[in-house]
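Each remark here refers to the structure printed beneath this line.
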2 protein chains.
Amino acid sequence: MADKAPWITYRPELKVLDCTVRDGGLINNHQFTDELVRAVYDANVAAGIDYMEIGYKNSAEQFPKSEFGAWRHCDEEDMNRLIGDHDAEKTGLKMVAMADAGKSDWQAKIVARADSVLDMIRVAFYAHQVSEAVEMIQHCHELGYETSANLMAVSNISETEIDTVLAAVEPTPAGTMCIVDSFGYLYREQIDMLYKKYTEALEGTGKEIGIHAHNNMQLAFANTLEAIILGANRADATMAGLGRGAGNCPMELLLGFLRNPKFKFRPVLALLQDHIHPLRETVEWGPLIPYNITGQMNLHPRSAIKFLGSDDRENFVKFYDELIADI
Amino acid sequence: MADKAPWITYRPELKVLDCTVRDGGLINNHQFTDELVRAVYDANVAAGIDYMEIGYKNSAEQFPKSEFGAWRHCDEEDMNRLIGDHDAEKTGLKMVAMADAGKSDWQAKIVARADSVLDMIRVAFYAHQVSEAVEMIQHCHELGYETSANLMAVSNISETEIDTVLAAVEPTPAGTMCIVDSFGYLYREQIDMLYKKYTEALEGTGKEIGIHAHNNMQLAFANTLEAIILGANRADATMAGLGRGAGNCPMELLLGFLRNPKFKFRPVLALLQDHIHPLRETVEWGPLIPYNITGQMNLHPRSAIKFLGSDDRENFVKFYDELIADI
């Protein structure tokens, strides 16, 4: 059966991570209301999602509290205030925070898992930061957390660099290694190549492969499916694709594809209607044309974000000409 | 080289068809200004596009001229008025019209290719109309046209029905058989299955396989790429994805993927900026949440179109509950 029509069967070991608040907060410096964050939490529980990433465990020195909301730092007291009643076993939902290499006071600020609502720390890093990332993974593992190694901007480094990172991650206790297409640049054939590379390098370690896609070229959902088809068992998505720039793989599309009956579509729809859709009045995201262009050019979306904030925002040709001139 | 990084090489035989005016006209009864249609034509020429589908050759009795614009009928005098100066050889662009089985006065209204600016007729049909479609293809072929067989709503019929249609199309002179995902329901694995089925049934006939995808689940571009990767040499796209409901594969994304240097991105961008983007003030298209839902449910988008025209348009849960209740 699975061989003949794999799109109507499912793998129980496939787990979905909602990173709406963590990734979406890059649009608005994590200035979300408690009401919104709690609504995302409640929807994740109701929808049967496996993991919810509630924010960054990043430094309040680098990201001052006068400017950045609570979910840039994920202080234990903020998490306790909002979801102090959280029970991972009862809800089936594990809570996650991301810590950025180079931006996190991880030695000081990450407490033992037993003393936190968090179950998992995902370590995000660029290739040149892999040594710190390995230390962070080891540290968090010793504190009792599940861990994930998220090598960012993979489309921007050479295969030799990727191989070196994989070799460094291989002996760590990280449970997951995530393919992260930060610039929304990858086509399916490149996802295939990376999936193969990651699995070969990590064979025998029991590590799962994850996928975190961006939607610059309207490929976030498709590339997430591709990784899942190949065997990735950890998939990231956000509600309505909320996320910086073009945004992420939309949860409502991913849940429509997944056939595990534990996933419920309707609570996600209700969240979109009552909480996420209204956000569009104040923040903008999605695969707009300037993001199509930066995606195609393998560029960070920052130039497109800046352009879309300018009076010239519909002058696509000007934006394109300026990027071309810069190359 | 092609084997190692196929996404940076190209197949010269791969041809792109712009169906902006034909498919987009389903939103507004083909009430486009001459200026817009001419701008699309000029952009296609400048961008090196291979085919432009300018509208339907459908019946003025069924689609009265009081209600429908010129591009629902593609009368020769309208085409001559707008692009009477067209030279396929000089521009590299072939002009196309679509004729719907059951909706076209094709015996009376399709003139000899020598007397028309058109080079190709695409015959669109549902499975039960295949006998008329075969007659239409034969007729148009005898008049000198390139022809394409476009079996619509392929996700809604059984494989036995698809096989029967393919067997009927196989001996016709149609140069292309197109995979048409009318409801935007297909995932990549289903595209794979259909591509394999179409190629096996038509092997040895020299027919090309085409792909016409809809964007209900943000998969139109991805599914178009998938068919291309498999070997499809005819790909449909529209400017900014303009098309009924969720719309189509966006031309600006497709051209970003194609590496044939004859394709130029900038003229498309200029068209989007000056002509297509401004259309959003009066018509709506794109992968909105109600279209996600009809796509996932393998339904015609008409219920979503109706819903989005109502005062309740942001009550996604109500829309979903009503569809579920109908099943």
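All residue names refer to the structure tokens as shown: chains lettered A, B, ... in order, residues numbered from 1 in each chain, ligands numbered from 1 in order.
The protein and nucleic acid residues lying at most 12 Å from Thr160 of chain A are Ala127, Val154, Leu166, Ala167 and Lys197 of chain A, with only C-alpha atoms considered and sequence neighbours fewer than 6 positions away removed.
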key: Exercise: Ala235 of chain B partners within 6 Å, only C-alpha atoms, chain neighbours under 6 positions left out, as an NGL selection string   = :B and (16 or 210-211)
Now that the selection is made, can you save its residues with C-alpha atoms as a PDB file, in the first residue's frame?
```pdb
ATOM      1  CA  VAL B  16       7.057  27.803 -22.033  1.00  0.00           C
ATOM      2  CA  GLY B 210       2.840  19.322 -20.832  1.00  0.00           C
ATOM      3  CA  ILE B 211       2.061  20.517 -17.325  1.00  0.00           C
TER       4      ILE B 211
END
```
Looking only at the backbone, which of the residues in segment 196-324 of chain A does DSSP tag as alpha helix (DSSP H), as an mmCIF file with N, CA and C atoms, in the first residue's frame?
```
data_model
loop_
_atom_site.group_PDB
_atom_site.id
_atom_site.type_symbol
_atom_site.label_atom_id
_atom_site.label_comp_id
_atom_site.auth_asym_id
_atom_site.auth_seq_id
_atom_site.Cartn_x
_atom_site.Cartn_y
_atom_site.Cartn_z
ATOM 1 N N LYS A 196 20.535 13.490 1.149
ATOM 2 C CA LYS A 196 21.433 12.348 0.957
ATOM 3 C C LYS A 196 22.748 12.579 1.715
ATOM 4 N N LYS A 197 23.262 13.775 1.591
ATOM 5 C CA LYS A 197 24.521 14.116 2.257
ATOM 6 C C LYS A 197 24.376 14.014 3.781
ATOM 7 N N TYR A 198 23.304 14.583 4.316
ATOM 8 C CA TYR A 198 23.091 14.584 5.764
ATOM 9 C C TYR A 198 22.918 13.143 6.278
ATOM 10 N N THR A 199 22.104 12.364 5.567
ATOM 11 C CA THR A 199 21.849 10.997 6.064
ATOM 12 C C THR A 199 23.108 10.150 5.988
ATOM 13 N N GLU A 200 23.859 10.296 4.920
ATOM 14 C CA GLU A 200 25.084 9.498 4.799
ATOM 15 C C GLU A 200 26.086 9.847 5.897
ATOM 16 N N ALA A 201 26.212 11.150 6.163
ATOM 17 C CA ALA A 201 27.193 11.574 7.167
ATOM 18 C C ALA A 201 26.784 11.137 8.577
ATOM 19 N N LEU A 202 25.486 11.010 8.808
ATOM 20 C CA LEU A 202 25.002 10.755 10.167
ATOM 21 C C LEU A 202 24.501 9.323 10.342
ATOM 22 N N ALA A 220 8.355 26.489 0.005
ATOM 23 C CA ALA A 220 8.563 26.016 1.378
ATOM 24 C C ALA A 220 7.770 24.737 1.646
ATOM 25 N N PHE A 221 6.521 24.725 1.253
ATOM 26 C CA PHE A 221 5.699 23.529 1.470
ATOM 27 C C PHE A 221 6.220 22.375 0.603
ATOM 28 N N ALA A 222 6.470 22.654 -0.661
ATOM 29 C CA ALA A 222 6.941 21.596 -1.572
ATOM 30 C C ALA A 222 8.266 21.002 -1.095
ATOM 31 N N ASN A 223 9.191 21.851 -0.659
ATOM 32 C CA ASN A 223 10.484 21.324 -0.207
ATOM 33 C C ASN A 223 10.348 20.560 1.106
ATOM 34 N N THR A 224 9.404 20.979 1.934
ATOM 35 C CA THR A 224 9.135 20.235 3.169
ATOM 36 C C THR A 224 8.587 18.847 2.822
ATOM 37 N N LEU A 225 7.645 18.805 1.891
ATOM 38 C CA LEU A 225 7.126 17.502 1.433
ATOM 39 C C LEU A 225 8.241 16.633 0.866
ATOM 40 N N GLU A 226 9.103 17.263 0.085
ATOM 41 C CA GLU A 226 10.183 16.506 -0.548
ATOM 42 C C GLU A 226 11.059 15.837 0.512
ATOM 43 N N ALA A 227 11.438 16.602 1.521
ATOM 44 C CA ALA A 227 12.274 16.034 2.581
ATOM 45 C C ALA A 227 11.516 14.923 3.304
ATOM 46 N N ILE A 228 10.233 15.130 3.541
ATOM 47 C CA ILE A 228 9.428 14.101 4.210
ATOM 48 C C ILE A 228 9.367 12.837 3.346
ATOM 49 N N ILE A 229 9.131 13.010 2.064
ATOM 50 C CA ILE A 229 9.066 11.860 1.158
ATOM 51 C C ILE A 229 10.379 11.075 1.215
ATOM 52 N N LEU A 230 11.480 11.810 1.270
ATOM 53 C CA LEU A 230 12.786 11.143 1.307
ATOM 54 C C LEU A 230 13.015 10.427 2.629
ATOM 55 N N MET A 251 1.601 25.769 8.202
ATOM 56 C CA MET A 251 1.099 24.619 8.964
ATOM 57 C C MET A 251 -0.189 24.063 8.370
ATOM 58 N N GLU A 252 -1.070 24.958 7.918
ATOM 59 C CA GLU A 252 -2.363 24.510 7.408
ATOM 60 C C GLU A 252 -2.193 23.669 6.141
ATOM 61 N N LEU A 253 -1.148 23.916 5.376
ATOM 62 C CA LEU A 253 -0.895 23.079 4.203
ATOM 63 C C LEU A 253 -0.256 21.764 4.626
ATOM 64 N N LEU A 254 0.703 21.851 5.538
ATOM 65 C CA LEU A 254 1.389 20.633 5.975
ATOM 66 C C LEU A 254 0.408 19.650 6.609
ATOM 67 N N LEU A 255 -0.466 20.152 7.483
ATOM 68 C CA LEU A 255 -1.414 19.239 8.138
ATOM 69 C C LEU A 255 -2.384 18.619 7.125
ATOM 70 N N GLY A 256 -2.679 19.364 6.057
ATOM 71 C CA GLY A 256 -3.536 18.799 5.013
ATOM 72 C C GLY A 256 -2.892 17.632 4.306
ATOM 73 N N PHE A 257 -1.570 17.641 4.253
ATOM 74 C CA PHE A 257 -0.837 16.555 3.587
ATOM 75 C C PHE A 257 -0.658 15.354 4.506
ATOM 76 N N ARG A 266 -8.835 21.670 12.098
ATOM 77 C CA ARG A 266 -9.775 22.736 12.449
ATOM 78 C C ARG A 266 -9.240 23.725 13.501
ATOM 79 N N PRO A 267 -8.543 23.262 14.555
ATOM 80 C CA PRO A 267 -8.009 24.236 15.533
ATOM 81 C C PRO A 267 -7.009 25.193 14.902
ATOM 82 N N VAL A 268 -6.277 24.712 13.899
ATOM 83 C CA VAL A 268 -5.333 25.589 13.200
ATOM 84 C C VAL A 268 -6.097 26.650 12.426
ATOM 85 N N LEU A 269 -7.138 26.234 11.757
ATOM 86 C CA LEU A 269 -7.969 27.156 10.988
ATOM 87 C C LEU A 269 -8.564 28.235 11.893
ATOM 88 N N ALA A 270 -9.020 27.818 13.060
ATOM 89 C CA ALA A 270 -9.610 28.785 14.010
ATOM 90 C C ALA A 270 -8.549 29.783 14.478
ATOM 91 N N LEU A 271 -7.339 29.294 14.709
ATOM 92 C CA LEU A 271 -6.251 30.193 15.102
ATOM 93 C C LEU A 271 -5.939 31.195 13.994
ATOM 94 N N HIS A 277 -4.407 35.777 10.985
ATOM 95 C CA HIS A 277 -4.851 36.623 9.874
ATOM 96 C C HIS A 277 -4.924 38.100 10.299
ATOM 97 N N PRO A 278 -5.495 38.418 11.453
ATOM 98 C CA PRO A 278 -5.551 39.834 11.876
ATOM 99 C C PRO A 278 -4.176 40.493 12.010
ATOM 100 N N LEU A 279 -3.124 39.702 12.231
ATOM 101 C CA LEU A 279 -1.775 40.280 12.327
ATOM 102 C C LEU A 279 -1.380 41.000 11.045
ATOM 103 N N ILE A 289 6.970 39.521 -4.548
ATOM 104 C CA ILE A 289 7.910 39.494 -5.674
ATOM 105 C C ILE A 289 9.348 39.830 -5.273
ATOM 106 N N PRO A 290 9.599 40.837 -4.441
ATOM 107 C CA PRO A 290 10.999 41.081 -4.041
ATOM 108 C C PRO A 290 11.647 39.868 -3.351
ATOM 109 N N TYR A 291 10.841 39.094 -2.619
ATOM 110 C CA TYR A 291 11.395 37.871 -2.007
ATOM 111 C C TYR A 291 11.647 36.795 -3.052
ATOM 112 N N ASN A 292 10.774 36.715 -4.070
ATOM 113 C CA ASN A 292 11.049 35.804 -5.186
ATOM 114 C C ASN A 292 12.452 36.083 -5.738
ATOM 115 N N ILE A 293 12.732 37.378 -5.865
ATOM 116 C CA ILE A 293 13.994 37.772 -6.505
ATOM 117 C C ILE A 293 15.188 37.456 -5.610
ATOM 118 N N THR A 294 15.123 37.813 -4.324
ATOM 119 C CA THR A 294 16.271 37.485 -3.453
ATOM 120 C C THR A 294 16.431 35.965 -3.348
ATOM 121 N N GLY A 295 15.302 35.242 -3.323
ATOM 122 C CA GLY A 295 15.387 33.779 -3.274
ATOM 123 C C GLY A 295 16.123 33.234 -4.485
ATOM 124 N N GLN A 296 15.716 33.682 -5.657
ATOM 125 C CA GLN A 296 16.357 33.213 -6.891
ATOM 126 C C GLN A 296 17.841 33.544 -6.918
ATOM 127 N N ARG A 302 17.122 40.544 3.533
ATOM 128 C CA ARG A 302 17.106 41.867 4.186
ATOM 129 C C ARG A 302 16.913 43.016 3.194
ATOM 130 N N SER A 303 17.500 42.884 1.983
ATOM 131 C CA SER A 303 17.336 43.971 1.006
ATOM 132 C C SER A 303 15.866 44.085 0.568
ATOM 133 N N ALA A 304 15.195 42.932 0.458
ATOM 134 C CA ALA A 304 13.779 42.947 0.056
ATOM 135 C C ALA A 304 12.907 43.521 1.169
ATOM 136 N N ILE A 305 13.250 43.175 2.418
ATOM 137 C CA ILE A 305 12.489 43.709 3.558
ATOM 138 C C ILE A 305 12.609 45.238 3.569
ATOM 139 N N LYS A 306 13.827 45.717 3.383
ATOM 140 C CA LYS A 306 14.061 47.164 3.367
ATOM 141 C C LYS A 306 13.292 47.821 2.218
ATOM 142 N N PHE A 307 13.369 47.201 1.062
ATOM 143 C CA PHE A 307 12.694 47.748 -0.120
ATOM 144 C C PHE A 307 11.185 47.818 0.087
ATOM 145 N N LEU A 308 10.630 46.768 0.686
ATOM 146 C CA LEU A 308 9.185 46.724 0.893
ATOM 147 C C LEU A 308 8.736 47.732 1.949
ATOM 148 N N PHE A 316 9.344 47.052 -8.810
ATOM 149 C CA PHE A 316 10.101 45.792 -8.816
ATOM 150 C C PHE A 316 11.348 45.873 -9.693
ATOM 151 N N VAL A 317 11.215 46.562 -10.815
ATOM 152 C CA VAL A 317 12.327 46.621 -11.770
ATOM 153 C C VAL A 317 13.519 47.340 -11.156
ATOM 154 N N LYS A 318 13.222 48.418 -10.449
ATOM 155 C CA LYS A 318 14.298 49.175 -9.787
ATOM 156 C C LYS A 318 15.023 48.280 -8.773
ATOM 157 N N PHE A 319 14.251 47.563 -7.993
ATOM 158 C CA PHE A 319 14.841 46.667 -6.993
ATOM 159 C C PHE A 319 15.746 45.637 -7.661
ATOM 160 N N TYR A 320 15.238 45.055 -8.721
ATOM 161 C CA TYR A 320 16.001 44.044 -9.457
ATOM 162 C C TYR A 320 17.284 44.643 -10.042
ATOM 163 N N ASP A 321 17.146 45.801 -10.664
ATOM 164 C CA ASP A 321 18.314 46.440 -11.285
ATOM 165 C C ASP A 321 19.388 46.753 -10.243
ATOM 166 N N GLU A 322 18.946 47.186 -9.065
ATOM 167 C CA GLU A 322 19.920 47.507 -8.016
ATOM 168 C C GLU A 322 20.640 46.250 -7.521
ATOM 169 N N LEU A 323 19.893 45.166 -7.385
ATOM 170 C CA LEU A 323 20.536 43.916 -6.945
ATOM 171 C C LEU A 323 21.527 43.415 -7.985
ATOM 172 N N ILE A 324 21.097 43.456 -9.242
ATOM 173 C CA ILE A 324 21.969 42.996 -10.326
ATOM 174 C C ILE A 324 23.255 43.829 -10.365
#
```
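Residues in contact with Tyr10 of chain B at up to 8 Å, not including ones fewer than 3 positions away on its chain and judged by only C-alpha atoms, are B:Pro6, B:Trp7, B:Leu258, B:Arg259, B:Asn260.
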inquiry  = I'd like to know which of B:Ile157, B:Ala149, B:Met239, B:Met177 is closest to chain A, using only C-alpha atoms.
reply    = B:Met239
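Atom CA of Glu189 of chain A lies 25.0 Å from atom CA of Ala168 of chain A.
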query = In Å to one decimal, how far is atom CA of Asn215 of chain A from atom CA of Leu272 of chain A?
reply = 18.0 Å
ask   = Can you list, as a ChimeraX atom specification, every protein, DNA or RNA residue that comes within 9 Å of Cys140 of chain B when you count only C-alpha atoms, leaving out same-chain residues fewer than 2 positions away?
value = /B:106,110-113,120-121,135-138,142-147
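Considering only C-alpha atoms, the residue among A:Asn44, A:Asn298, A:Ser104, A:Asn28 positioned nearest to Asn156 of chain A is A:Asn298.
Residue nearest Tyr56 of chain B within the list B:Val123, B:Ala39, B:Leu14, B:Ala5: B:Val123 [criterion: smallest interatomic distance, only C-alpha atoms].
Taking atom CA of Lys94 of chain A and atom CA of Glu132 of chain A as the two end points, the separation is 25.0 Å.
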Can you list every residue of segment 77-121 of chain A that has an atom at most 10 Å from segment 19-26 of chain A, with its nearest atom pair and the distance in Å to one decimal, using only C-alpha atoms, ordered by chain then number, as CSV?
```
residue,atom,partner,partner_atom,distance
A:Val96,CA,A:Cys19,CA,8.8
A:Ala97,CA,A:Arg22,CA,7.8
A:Met98,CA,A:Arg22,CA,7.7
```
